[in-house]
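Below is the file work15.cif, which contains mmCIF, C-alpha atoms and all ligand atoms.
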data_work
loop_
_atom_site.group_PDB
_atom_site.id
_atom_site.type_symbol
_atom_site.label_atom_id
_atom_site.label_comp_id
_atom_site.auth_asym_id
_atom_site.auth_seq_id
_atom_site.Cartn_x
_atom_site.Cartn_y
_atom_site.Cartn_z
ATOM 1 C CA MET A 1 28.679 -22.277 132.706
ATOM 2 C CA GLY A 2 27.227 -23.081 129.275
ATOM 3 C CA GLU A 3 27.543 -20.831 126.239
ATOM 4 C CA PHE A 4 23.917 -19.691 126.504
ATOM 5 C CA GLU A 5 24.315 -18.643 130.131
ATOM 6 C CA LEU A 6 27.653 -16.956 129.411
ATOM 7 C CA ILE A 7 26.110 -14.828 126.675
ATOM 8 C CA GLN A 8 23.013 -14.048 128.752
ATOM 9 C CA ARG A 9 24.986 -13.042 131.790
ATOM 10 C CA TYR A 10 27.952 -11.183 130.314
ATOM 11 C CA PHE A 11 27.252 -10.165 126.738
ATOM 12 C CA GLN A 12 23.526 -9.347 126.580
ATOM 13 C CA PRO A 13 24.174 -6.405 128.957
ATOM 14 C CA VAL A 14 26.976 -5.180 126.653
ATOM 15 C CA ALA A 15 24.605 -5.295 123.677
ATOM 16 C CA ARG A 16 21.969 -3.397 125.641
ATOM 17 C CA ASP A 17 24.436 -0.740 126.874
ATOM 18 C CA THR A 18 25.916 -0.124 123.433
ATOM 19 C CA ALA A 19 22.695 -0.184 121.346
ATOM 20 C CA HIS A 20 22.923 1.701 118.023
ATOM 21 C CA PRO A 21 19.892 2.842 115.974
ATOM 22 C CA ASP A 22 21.304 1.223 112.814
ATOM 23 C CA VAL A 23 21.392 -2.222 114.452
ATOM 24 C CA LYS A 24 17.878 -3.357 113.593
ATOM 25 C CA LEU A 25 18.328 -6.796 115.123
ATOM 26 C CA GLY A 26 21.153 -7.749 117.496
ATOM 27 C CA ILE A 27 22.089 -10.751 119.650
ATOM 28 C CA GLY A 28 19.577 -13.613 119.884
ATOM 29 C CA ASP A 29 18.783 -14.539 116.292
ATOM 30 C CA ASP A 30 20.742 -16.504 113.733
ATOM 31 C CA CYS A 31 22.095 -13.290 112.227
ATOM 32 C CA ALA A 32 22.108 -9.636 113.193
ATOM 33 C CA ILE A 33 20.558 -7.054 110.859
ATOM 34 C CA GLN A 34 22.230 -3.732 110.156
ATOM 35 C CA ARG A 35 20.398 -0.886 108.464
ATOM 36 C CA ILE A 36 22.485 1.032 105.901
ATOM 37 C CA PRO A 37 21.293 4.651 105.555
ATOM 38 C CA PRO A 38 20.404 5.634 101.966
ATOM 39 C CA GLY A 39 23.422 6.872 100.012
ATOM 40 C CA HIS A 40 25.854 5.098 102.321
ATOM 41 C CA GLU A 41 28.123 2.079 102.010
ATOM 42 C CA LEU A 42 29.035 -0.606 104.541
ATOM 43 C CA VAL A 43 32.718 -0.615 105.563
ATOM 44 C CA PHE A 44 33.952 -3.605 107.556
ATOM 45 C CA SER A 45 37.143 -5.208 108.807
ATOM 46 C CA VAL A 46 38.146 -8.160 110.998
ATOM 47 C CA ASP A 47 41.060 -8.528 113.444
ATOM 48 C CA THR A 48 42.235 -11.535 115.438
ATOM 49 C CA LEU A 49 44.273 -11.121 118.613
ATOM 50 C CA VAL A 50 46.087 -14.139 120.075
ATOM 51 C CA GLU A 51 47.379 -14.221 123.657
ATOM 52 C CA GLY A 52 51.167 -14.051 123.794
ATOM 53 C CA VAL A 53 51.333 -12.836 120.187
ATOM 54 C CA HIS A 54 49.182 -9.703 119.929
ATOM 55 C CA PHE A 55 48.822 -9.012 123.637
ATOM 56 C CA PRO A 56 50.856 -10.117 126.652
ATOM 57 C CA SER A 57 50.096 -13.369 128.489
ATOM 58 C CA ARG A 58 47.931 -12.846 131.596
ATOM 59 C CA TYR A 59 46.998 -9.374 130.295
ATOM 60 C CA ALA A 60 44.281 -7.800 132.443
ATOM 61 C CA PRO A 61 40.819 -8.566 130.982
ATOM 62 C CA ASP A 62 39.629 -4.943 131.078
ATOM 63 C CA ARG A 63 42.751 -3.818 129.199
ATOM 64 C CA LEU A 64 42.275 -6.584 126.678
ATOM 65 C CA ALA A 65 38.651 -5.643 125.999
ATOM 66 C CA ARG A 66 39.447 -1.981 125.478
ATOM 67 C CA ARG A 67 42.576 -2.519 123.443
ATOM 68 C CA ALA A 68 40.971 -5.115 121.168
ATOM 69 C CA LEU A 69 37.985 -2.902 120.381
ATOM 70 C CA ALA A 70 40.158 0.207 119.927
ATOM 71 C CA VAL A 71 42.469 -1.599 117.500
ATOM 72 C CA ALA A 72 39.491 -2.784 115.461
ATOM 73 C CA ALA A 73 37.846 0.657 115.522
ATOM 74 C CA SER A 74 41.085 2.242 114.318
ATOM 75 C CA ASP A 75 40.626 0.565 110.933
ATOM 76 C CA LEU A 76 37.245 2.308 110.613
ATOM 77 C CA ALA A 77 38.962 5.596 111.471
ATOM 78 C CA ALA A 78 41.539 5.022 108.739
ATOM 79 C CA MET A 79 38.730 4.629 106.174
ATOM 80 C CA GLY A 80 36.853 7.717 107.345
ATOM 81 C CA ALA A 81 33.928 5.520 108.414
ATOM 82 C CA LYS A 82 31.365 6.169 111.126
ATOM 83 C CA PRO A 83 31.292 3.243 113.590
ATOM 84 C CA VAL A 84 28.070 1.251 113.931
ATOM 85 C CA CYS A 85 28.544 -2.218 115.429
ATOM 86 C CA PHE A 86 30.835 -5.196 115.956
ATOM 87 C CA THR A 87 30.769 -8.933 116.418
ATOM 88 C CA LEU A 88 33.038 -10.765 118.839
ATOM 89 C CA ALA A 89 34.256 -14.355 118.543
ATOM 90 C CA MET A 90 36.051 -15.486 121.695
ATOM 91 C CA THR A 91 38.070 -18.575 122.400
ATOM 92 C CA LEU A 92 38.440 -18.976 126.171
ATOM 93 C CA PRO A 93 40.514 -21.512 128.129
ATOM 94 C CA LYS A 94 37.757 -21.555 130.787
ATOM 95 C CA ALA A 95 34.668 -19.594 131.776
ATOM 96 C CA ASP A 96 36.106 -17.556 134.668
ATOM 97 C CA ALA A 97 33.314 -15.403 136.119
ATOM 98 C CA HIS A 98 35.614 -12.736 137.549
ATOM 99 C CA TRP A 99 37.562 -12.443 134.281
ATOM 100 C CA LEU A 100 34.378 -12.258 132.192
ATOM 101 C CA GLU A 101 32.865 -9.647 134.476
ATOM 102 C CA ARG A 102 35.859 -7.319 134.087
ATOM 103 C CA PHE A 103 36.150 -8.025 130.363
ATOM 104 C CA SER A 104 32.500 -7.409 129.526
ATOM 105 C CA SER A 105 32.055 -4.267 131.627
ATOM 106 C CA GLU A 106 35.066 -2.604 129.981
ATOM 107 C CA LEU A 107 33.876 -3.810 126.569
ATOM 108 C CA ALA A 108 30.562 -2.019 127.174
ATOM 109 C CA GLN A 109 32.358 1.139 128.286
ATOM 110 C CA ALA A 110 34.676 1.172 125.245
ATOM 111 C CA GLY A 111 31.769 0.324 122.917
ATOM 112 C CA ARG A 112 29.832 3.331 124.157
ATOM 113 C CA GLU A 113 32.866 5.599 123.782
ATOM 114 C CA PHE A 114 33.573 4.496 120.220
ATOM 115 C CA GLY A 115 29.912 4.315 119.159
ATOM 116 C CA LEU A 116 30.110 0.568 118.456
ATOM 117 C CA ALA A 117 27.217 -1.724 119.416
ATOM 118 C CA LEU A 118 27.817 -5.399 120.149
ATOM 119 C CA ALA A 119 25.623 -7.104 117.530
ATOM 120 C CA GLY A 120 26.578 -10.767 117.850
ATOM 121 C CA GLY A 121 29.323 -13.276 118.483
ATOM 122 C CA ASP A 122 30.469 -16.763 119.259
ATOM 123 C CA THR A 123 32.363 -18.508 122.057
ATOM 124 C CA THR A 124 34.526 -21.625 121.974
ATOM 125 C CA ARG A 125 36.927 -23.396 124.335
ATOM 126 C CA GLY A 126 40.703 -23.177 123.709
ATOM 127 C CA PRO A 127 43.729 -20.853 124.033
ATOM 128 C CA LEU A 128 42.658 -17.224 124.624
ATOM 129 C CA THR A 129 41.942 -15.582 121.266
ATOM 130 C CA LEU A 130 39.638 -12.721 120.286
ATOM 131 C CA THR A 131 38.289 -11.971 116.842
ATOM 132 C CA ILE A 132 36.434 -8.712 116.358
ATOM 133 C CA GLN A 133 34.675 -7.672 113.186
ATOM 134 C CA VAL A 134 33.746 -3.984 113.064
ATOM 135 C CA HIS A 135 31.132 -2.440 110.817
ATOM 136 C CA GLY A 136 30.846 1.229 109.886
ATOM 137 C CA THR A 137 29.284 3.332 107.172
ATOM 138 C CA VAL A 138 30.504 6.078 104.836
ATOM 139 C CA PRO A 139 28.673 8.253 102.321
ATOM 140 C CA GLU A 140 28.922 6.468 98.983
ATOM 141 C CA GLY A 141 32.310 6.879 97.311
ATOM 142 C CA GLN A 142 33.851 8.823 100.188
ATOM 143 C CA ALA A 143 35.830 6.112 102.003
ATOM 144 C CA LEU A 144 39.503 6.968 102.465
ATOM 145 C CA LEU A 145 41.746 4.507 100.636
ATOM 146 C CA ARG A 146 45.478 3.860 100.710
ATOM 147 C CA SER A 147 45.742 4.380 96.992
ATOM 148 C CA GLY A 148 45.023 8.064 96.301
ATOM 149 C CA ALA A 149 48.274 9.866 97.215
ATOM 150 C CA GLN A 150 49.617 12.244 94.554
ATOM 151 C CA PRO A 151 53.076 13.800 94.170
ATOM 152 C CA GLY A 152 53.014 17.208 95.840
ATOM 153 C CA ASP A 153 50.648 16.132 98.639
ATOM 154 C CA LEU A 154 51.797 16.615 102.233
ATOM 155 C CA VAL A 155 52.423 13.615 104.490
ATOM 156 C CA VAL A 156 50.687 14.218 107.824
ATOM 157 C CA VAL A 157 50.433 12.269 111.093
ATOM 158 C CA SER A 158 48.170 12.765 114.107
ATOM 159 C CA GLY A 159 49.229 12.847 117.765
ATOM 160 C CA THR A 160 52.656 11.549 118.780
ATOM 161 C CA LEU A 161 54.430 8.377 117.633
ATOM 162 C CA GLY A 162 56.515 5.723 119.398
ATOM 163 C CA ASP A 163 54.840 5.882 122.802
ATOM 164 C CA ALA A 164 53.146 2.485 122.671
ATOM 165 C CA ALA A 165 56.307 0.721 121.462
ATOM 166 C CA ALA A 166 58.351 2.260 124.278
ATOM 167 C CA ALA A 167 55.675 1.206 126.789
ATOM 168 C CA LEU A 168 56.498 -2.485 126.225
ATOM 169 C CA ASP A 169 59.541 -2.000 128.521
ATOM 170 C CA TYR A 170 57.260 -1.019 131.414
ATOM 171 C CA LEU A 171 54.397 -3.543 131.180
ATOM 172 C CA GLU A 172 55.726 -5.403 134.240
ATOM 173 C CA THR A 173 56.737 -2.296 136.198
ATOM 174 C CA GLY A 174 55.064 -2.369 139.616
ATOM 175 C CA ALA A 175 54.833 1.351 140.377
ATOM 176 C CA PRO A 176 55.362 3.224 137.104
ATOM 177 C CA SER A 177 56.480 6.865 137.147
ATOM 178 C CA GLN A 178 54.171 9.476 135.650
ATOM 179 C CA TYR A 179 55.955 9.393 132.285
ATOM 180 C CA GLN A 180 56.010 5.583 132.281
ATOM 181 C CA GLN A 181 52.272 5.632 132.990
ATOM 182 C CA THR A 182 51.734 8.044 130.089
ATOM 183 C CA LEU A 183 53.399 5.552 127.738
ATOM 184 C CA LEU A 184 51.544 2.588 129.275
ATOM 185 C CA ASP A 185 48.234 4.348 128.693
ATOM 186 C CA ARG A 186 49.139 4.746 125.027
ATOM 187 C CA TYR A 187 49.636 0.972 124.799
ATOM 188 C CA ASN A 188 46.736 -0.129 126.991
ATOM 189 C CA ARG A 189 44.200 2.476 125.935
ATOM 190 C CA PRO A 190 44.790 3.391 122.277
ATOM 191 C CA GLN A 191 42.454 6.096 120.977
ATOM 192 C CA PRO A 192 41.035 5.288 117.542
ATOM 193 C CA ARG A 193 41.047 8.620 115.669
ATOM 194 C CA LEU A 194 37.431 8.300 114.572
ATOM 195 C CA ALA A 195 36.500 11.980 114.511
ATOM 196 C CA LEU A 196 39.656 12.882 112.594
ATOM 197 C CA GLY A 197 39.068 10.092 110.077
ATOM 198 C CA GLN A 198 35.585 11.400 109.288
ATOM 199 C CA LEU A 199 36.946 14.948 109.015
ATOM 200 C CA LEU A 200 39.455 13.731 106.409
ATOM 201 C CA ARG A 201 36.724 12.611 103.975
ATOM 202 C CA ASN A 202 36.861 14.681 100.791
ATOM 203 C CA ARG A 203 40.199 16.147 101.949
ATOM 204 C CA ALA A 204 42.876 13.492 102.480
ATOM 205 C CA SER A 205 43.983 11.775 99.263
ATOM 206 C CA ALA A 206 44.986 8.566 101.102
ATOM 207 C CA ALA A 207 45.044 7.351 104.706
ATOM 208 C CA ILE A 208 46.144 4.446 106.911
ATOM 209 C CA ASP A 209 46.280 3.822 110.649
ATOM 210 C CA ILE A 210 49.690 3.221 112.197
ATOM 211 C CA SER A 211 49.549 -0.283 113.641
ATOM 212 C CA ASP A 212 52.924 -1.638 112.510
ATOM 213 C CA GLY A 213 55.080 1.511 112.659
ATOM 214 C CA LEU A 214 55.272 4.683 110.589
ATOM 215 C CA LEU A 215 57.784 3.389 108.034
ATOM 216 C CA ALA A 216 55.893 0.153 107.459
ATOM 217 C CA ASP A 217 52.414 1.659 107.252
ATOM 218 C CA LEU A 218 53.404 4.722 105.229
ATOM 219 C CA GLY A 219 55.258 2.257 102.985
ATOM 220 C CA HIS A 220 51.978 0.360 102.419
ATOM 221 C CA LEU A 221 50.169 3.587 101.566
ATOM 222 C CA LEU A 222 52.871 4.701 99.121
ATOM 223 C CA GLN A 223 53.009 1.322 97.469
ATOM 224 C CA ALA A 224 49.228 1.305 97.005
ATOM 225 C CA SER A 225 49.445 4.833 95.575
ATOM 226 C CA GLY A 226 52.370 4.057 93.256
ATOM 227 C CA CYS A 227 54.517 6.941 94.523
ATOM 228 C CA GLY A 228 57.132 7.754 97.167
ATOM 229 C CA ALA A 229 57.766 10.268 99.947
ATOM 230 C CA VAL A 230 60.523 12.298 101.551
ATOM 231 C CA ILE A 231 60.117 12.400 105.333
ATOM 232 C CA ASP A 232 61.960 14.728 107.704
ATOM 233 C CA ALA A 233 62.835 12.752 110.868
ATOM 234 C CA GLY A 234 63.182 16.007 112.804
ATOM 235 C CA ARG A 235 59.478 16.756 112.273
ATOM 236 C CA ILE A 236 58.129 13.452 113.582
ATOM 237 C CA PRO A 237 56.060 14.287 116.678
ATOM 238 C CA LEU A 238 57.500 12.796 119.890
ATOM 239 C CA SER A 239 55.876 13.113 123.310
ATOM 240 C CA PRO A 240 57.785 14.626 126.240
ATOM 241 C CA ALA A 241 57.395 11.249 128.018
ATOM 242 C CA LEU A 242 59.021 9.392 125.126
ATOM 243 C CA ARG A 243 61.863 11.923 124.763
ATOM 244 C CA ASP A 244 62.573 11.752 128.468
ATOM 245 C CA LEU A 245 62.461 7.967 128.877
ATOM 246 C CA ALA A 246 63.829 6.746 125.547
ATOM 247 C CA GLY A 247 66.421 9.457 124.812
ATOM 248 C CA GLU A 248 68.183 8.723 121.532
ATOM 249 C CA GLU A 249 65.998 5.664 120.934
ATOM 250 C CA ALA A 250 62.849 7.792 120.792
ATOM 251 C CA ILE A 251 63.030 8.340 117.053
ATOM 252 C CA GLY A 252 63.528 4.614 116.404
ATOM 253 C CA HIS A 253 60.375 3.818 118.383
ATOM 254 C CA ALA A 254 58.498 6.489 116.430
ATOM 255 C CA LEU A 255 59.645 5.191 113.044
ATOM 256 C CA ARG A 256 59.498 1.442 113.604
ATOM 257 C CA GLY A 257 57.379 0.843 116.697
ATOM 258 C CA GLY A 258 53.778 -0.224 116.189
ATOM 259 C CA ASP A 259 50.600 0.014 118.229
ATOM 260 C CA ASP A 260 50.207 3.810 118.190
ATOM 261 C CA TYR A 261 46.971 3.755 116.162
ATOM 262 C CA GLU A 262 47.468 7.321 115.017
ATOM 263 C CA LEU A 263 46.485 8.170 111.457
ATOM 264 C CA CYS A 264 48.997 8.803 108.686
ATOM 265 C CA PHE A 265 47.529 10.479 105.619
ATOM 266 C CA THR A 266 48.388 12.459 102.533
ATOM 267 C CA LEU A 267 46.789 15.844 101.999
ATOM 268 C CA PRO A 268 46.665 18.337 99.139
ATOM 269 C CA ALA A 269 48.360 21.440 100.582
ATOM 270 C CA ARG A 270 45.286 23.639 100.022
ATOM 271 C CA PHE A 271 43.445 21.817 102.835
ATOM 272 C CA ARG A 272 46.217 22.209 105.386
ATOM 273 C CA ASP A 273 45.204 25.365 107.262
ATOM 274 C CA ALA A 274 41.513 24.557 107.621
ATOM 275 C CA LEU A 275 42.285 21.017 108.737
ATOM 276 C CA HIS A 276 44.771 22.194 111.377
ATOM 277 C CA ARG A 277 42.043 24.454 112.788
ATOM 278 C CA GLN A 278 39.316 21.810 112.781
ATOM 279 C CA SER A 279 41.248 18.729 113.871
ATOM 280 C CA PRO A 280 40.318 17.388 117.314
ATOM 281 C CA ILE A 281 43.977 16.417 117.854
ATOM 282 C CA PRO A 282 47.317 17.985 116.900
ATOM 283 C CA LEU A 283 48.520 17.225 113.373
ATOM 284 C CA GLN A 284 52.078 17.360 112.090
ATOM 285 C CA VAL A 285 53.270 17.635 108.498
ATOM 286 C CA ILE A 286 56.316 15.335 108.308
ATOM 287 C CA GLY A 287 57.152 15.383 104.613
ATOM 288 C CA ASP A 288 56.014 15.372 100.993
ATOM 289 C CA VAL A 289 54.792 12.828 98.488
ATOM 290 C CA VAL A 290 57.100 12.490 95.465
ATOM 291 C CA ALA A 291 56.700 10.674 92.157
ATOM 292 C CA GLU A 292 59.703 8.384 92.583
ATOM 293 C CA PRO A 293 58.700 5.216 94.503
ATOM 294 C CA GLY A 294 60.282 4.514 97.891
ATOM 295 C CA LEU A 295 60.557 6.302 101.198
ATOM 296 C CA THR A 296 63.447 8.698 101.822
ATOM 297 C CA LEU A 297 64.124 9.657 105.428
ATOM 298 C CA LEU A 298 66.069 12.866 106.063
ATOM 299 C CA ASN A 299 67.924 12.578 109.370
ATOM 300 C CA ALA A 300 67.016 14.936 112.191
ATOM 301 C CA ASP A 301 70.474 16.491 111.744
ATOM 302 C CA LYS A 302 70.401 17.360 108.077
ATOM 303 C CA HIS A 303 74.055 18.460 108.318
ATOM 304 C CA ALA A 304 75.075 14.834 108.586
ATOM 305 C CA THR A 305 78.666 13.904 109.394
ATOM 306 C CA PRO A 306 80.834 14.424 106.271
ATOM 307 C CA GLY A 307 81.137 11.210 104.329
ATOM 308 C CA ARG A 308 77.846 9.898 105.697
ATOM 309 C CA SER A 309 74.711 10.442 103.732
ATOM 310 C CA GLY A 310 72.087 12.650 105.330
ATOM 311 C CA TYR A 311 69.303 10.263 104.593
ATOM 312 C CA GLU A 312 68.211 6.658 104.591
ATOM 313 C CA HIS A 313 66.330 5.230 101.674
ATOM 314 C CA PHE A 314 63.730 2.512 102.002
ATOM 315 C CA GLY A 315 62.854 0.552 98.873
ATOM 316 C CA ALA A 316 59.402 0.661 97.377
ATOM 317 C CA ASP A 317 58.837 -2.911 98.529
ATOM 318 C CA ASN A 318 59.765 -2.086 102.135
ATOM 319 C CA ASP A 319 57.197 -3.311 104.616
HETATM 320 MG MG MG B 1 44.876 -0.728 109.606
#
Show this structure as structure tokens.
Ligand SMILES: [Mg+2]
Amino acid sequence: MGEFELIQRYFQPVARDTAHPDVKLGIGDDCAIQRIPPGHELVFSVDTLVEGVHFPSRYAPDRLARRALAVAASDLAAMGAKPVCFTLAMTLPKADAHWLERFSSELAQAGREFGLALAGGDTTRGPLTLTIQVHGTVPEGQALLRSGAQPGDLVVVSGTLGDAAAALDYLETGAPSQYQQTLLDRYNRPQPRLALGQLLRNRASAAIDISDGLLADLGHLLQASGCGAVIDAGRIPLSPALRDLAGEEAIGHALRGGDDYELCFTLPARFRDALHRQSPIPLQVIGDVVAEPGLTLLNADKHATPGRSGYEHFGADND
């Protein structure tokens, strides 16, 4: 199967199924053309996923399509952007019709769900690798950055943390239990928090999506903002599935495990009540922004054993 036939057969239908009014010209020309509504700015980001590094070897093609697009869309969510379209560059070891069929039909489904139209791409032969560039728009000057946190702001996270990291233990499980399946869904089907991200415009002072773990990603945000935070480990939201299956390790997954794609943001306290009411998903205040750089973690048991400090401190350069 040549490249032309591959695109015609598998990717033209995705473009048709995901069409977006702001994609003026899609697949089939030398470039795509995106319309930017007046008073808006283009927001874009690119992600590369390599087999065996960013997703498991022999990962199911439908899972790969969904997860890759969700991960890319999550960066738009973190910026408060409205999704518009994406391009896909694929390196494939071979043109396997069955694999491509499953991949492209799930890509179309996920594209429709996230509001992202396939606007172009490229295919080459080699080890399985996907590169997705996502485009979104925001009203001028309203994109959420990592750099706006102020001392006194609340540190807030969406959903629950640690589930996707804990799921890695069950990827090969033949007949997962209900709780194991809950965690696996968090890994295989991450939900980019697009509606929440757009709701945070003009409210959150800084935002980031949690791809590398709460400590790492909050650390990036604080570093960009030139301040620090005090986080209460006991307030970090953990799912019943994670508590049940990971026990004492649950909090470690939540702090250091990646792949959750929840949002972590800082919020002036005056917005808290209205945001809690309007948010499409549960939000949890986990701490406060402070002037002194670095991340201080209060243990869940604040009455720590005598002689042991009740907190861990992570340097400002922690990543
Ligand atoms: Mg990100």
**Request:** Would you kindly return, as a PyMOL selection string, each protein, DNA or RNA residue with an atom no farther than 6 Å from any atom of region 18-25 of chain A, considering all atoms listed in the file and excluding same-chain residues fewer than 3 positions away?
**Result:** chain A and resi 15+32-35+111-112+117
What are the closest atom pairs, with distances in Å to one decimal, for all residues of chain A lying within 10 Å of ligand MG 1 (chain B)? Consider all atoms listed in the file, order rows by chain and residue number, and present the result as CSV.
residue,atom,partner,partner_atom,distance
A:Ser45,CA,B:MG1,MG,9.0
A:Asp47,CA,B:MG1,MG,9.5
A:Val71,CA,B:MG1,MG,8.3
A:Ala72,CA,B:MG1,MG,8.2
A:Ala73,CA,B:MG1,MG,9.3
A:Ser74,CA,B:MG1,MG,6.7
A:Asp75,CA,B:MG1,MG,4.6
A:Leu76,CA,B:MG1,MG,8.3
A:Ala77,CA,B:MG1,MG,8.9
A:Ala78,CA,B:MG1,MG,6.7
A:Met79,CA,B:MG1,MG,8.8
A:Ala207,CA,B:MG1,MG,9.5
A:Ile208,CA,B:MG1,MG,6.0
A:Asp209,CA,B:MG1,MG,4.9
A:Ile210,CA,B:MG1,MG,6.7
A:Ser211,CA,B:MG1,MG,6.2
A:Asp212,CA,B:MG1,MG,8.6
A:Asp217,CA,B:MG1,MG,8.2
A:Tyr261,CA,B:MG1,MG,8.2
A:Leu263,CA,B:MG1,MG,9.2
**Request:** Could you tell me which residues the PyMOL selection byres (((chain A and resi 196) around 9) and not hetatm) returns for this structure, as a VMD selection string?
**Result:** chain A and resid 77 to 78 80 158 193 to 195 197 to 200 263 278 to 281
Writer output for current selection, C-alpha atoms, as a compact mmCIF listing (two decimals), in the coordinates of the input:
# COMPACT_ATOMS: atom_id res chain seq x y z
CA ALA A 77 38.96 5.60 111.47
CA ALA A 78 41.54 5.02 108.74
CA GLY A 80 36.85 7.72 107.34
CA SER A 158 48.17 12.76 114.11
CA ARG A 193 41.05 8.62 115.67
CA LEU A 194 37.43 8.30 114.57
CA ALA A 195 36.50 11.98 114.51
CA GLY A 197 39.07 10.09 110.08
CA GLN A 198 35.58 11.40 109.29
CA LEU A 199 36.95 14.95 109.02
CA LEU A 200 39.46 13.73 106.41
CA LEU A 263 46.48 8.17 111.46
CA GLN A 278 39.32 21.81 112.78
CA SER A 279 41.25 18.73 113.87
CA PRO A 280 40.32 17.39 117.31
CA ILE A 281 43.98 16.42 117.85
**Prompt:** So how many Å separate CA of Thr131 (chain A) and CA of Pro93 (chain A), to one decimal?
**Reply:**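 Value for the CA of Thr131 (chain A)-CA of Pro93 (chain A) distance: 14.9 Å.
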When the PyMOL selection byres (((chain A and resi 235) around 8) and not hetatm) is applied to the file above, which residues end up in the set, as an mmCIF file with C-alpha atoms, in the coordinates of the input?
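Wrote it out as selection_34.cif, contents follow:
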data_model
loop_
_atom_site.group_PDB
_atom_site.id
_atom_site.type_symbol
_atom_site.label_atom_id
_atom_site.label_comp_id
_atom_site.auth_asym_id
_atom_site.auth_seq_id
_atom_site.Cartn_x
_atom_site.Cartn_y
_atom_site.Cartn_z
ATOM 1 C CA ASP A 232 61.960 14.728 107.704
ATOM 2 C CA ALA A 233 62.835 12.752 110.868
ATOM 3 C CA GLY A 234 63.182 16.007 112.804
ATOM 4 C CA ILE A 236 58.129 13.452 113.582
ATOM 5 C CA PRO A 237 56.060 14.287 116.678
ATOM 6 C CA GLN A 284 52.078 17.360 112.090
ATOM 7 C CA VAL A 285 53.270 17.635 108.498
ATOM 8 C CA ILE A 286 56.316 15.335 108.308
ATOM 9 C CA ALA A 300 67.016 14.936 112.191
#
**Request:** Would you list the contacts of Arg125 (chain A) as a list in words, taking every protein, DNA or RNA residue within 12 Å and counting only C-alpha atoms, but skipping same-chain residues closer than 5 positions in sequence?
**Result:** Met1, Gly2, Glu3, Ala89, Met90, Thr91, Leu92, Pro93, Lys94, Ala95, Asp96 and Leu130 of chain A
**Request:** Convert the output of the PyMOL selection byres (((chain A and resi 251) around 8) and not hetatm) on the shown file into explicit residues, formatted as a PyMOL selection string.
**Result:** chain A and resi 162+233+236+238+248-250+252-255
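Distance check against Asp260 (chain A) using all atoms listed in the file: of A:Leu107, A:Val290, A:Ala204, A:Ala165, the minimum falls on A:Ala165.
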**Request:** Please identify all polymer residues within 8 Å of Phe86 (chain A), counting only C-alpha atoms, omitting same-chain residues fewer than 6 positions from it, and present them as a PyMOL selection string.
**Result:** chain A and resi 116-120+132-135
**Message:** One number please: CA of Gly226 (chain A) to CA of Val289 (chain A), in Å, one decimal.
**Reply:** 10.5 Å
**Prompt:** Looking at A:Leu42, A:Thr123, A:Ala68, A:Arg203, which one is nearest to Glu5 (chain A), with distances taken over all atoms listed in the file?
**Reply:**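 Ranked by minimum distance to Glu5 (chain A), first place goes to A:Thr123.
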**Request:** Please indicate the distance in Å from CA of Phe265 (chain A) to CA of Val156 (chain A), rounded to one decimal place.
**Result:**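 Interatomic distance here is 5.4 Å.
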**Item:** Counting all atoms listed in the file, the option among A:Ala175, A:Leu161, A:Val43, A:Ala65 closest to Ala108 (chain A)
**Value:**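 Using all atoms listed in the file, the shortest distance to Ala108 (chain A) belongs to A:Ala65.
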**Request:** Choose the residue, out of A:Phe44, A:Phe271, A:Tyr170, A:Tyr59, that has the smallest atom-to-atom separation from Ala143 (chain A); count only C-alpha atoms.
**Result:**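 Among A:Phe44, A:Phe271, A:Tyr170, A:Tyr59, it is A:Phe44 that comes nearest to Ala143 (chain A).
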Saved region 94-105 of chain A from the preceding structure, C-alpha atoms, as a PDB file, in the first residue's frame:
ATOM      1  CA  LYS A  94       4.607  -1.700   7.906  1.00  0.00           C
ATOM      2  CA  ALA A  95       1.219  -0.794   6.466  1.00  0.00           C
ATOM      3  CA  ASP A  96      -0.960  -3.316   8.329  1.00  0.00           C
ATOM      4  CA  ALA A  97      -4.563  -2.877   7.162  1.00  0.00           C
ATOM      5  CA  HIS A  98      -6.145  -4.284  10.319  1.00  0.00           C
ATOM      6  CA  TRP A  99      -3.958  -2.112  12.568  1.00  0.00           C
ATOM      7  CA  LEU A 100      -4.646   1.024  10.511  1.00  0.00           C
ATOM      8  CA  GLU A 101      -8.372   0.358  10.486  1.00  0.00           C
ATOM      9  CA  ARG A 102      -8.542   0.173  14.291  1.00  0.00           C
ATOM     10  CA  PHE A 103      -6.174   3.116  14.716  1.00  0.00           C
ATOM     11  CA  SER A 104      -7.978   5.462  12.340  1.00  0.00           C
ATOM     12  CA  SER A 105     -11.518   4.685  13.503  1.00  0.00           C
TER      13      SER A 105
END
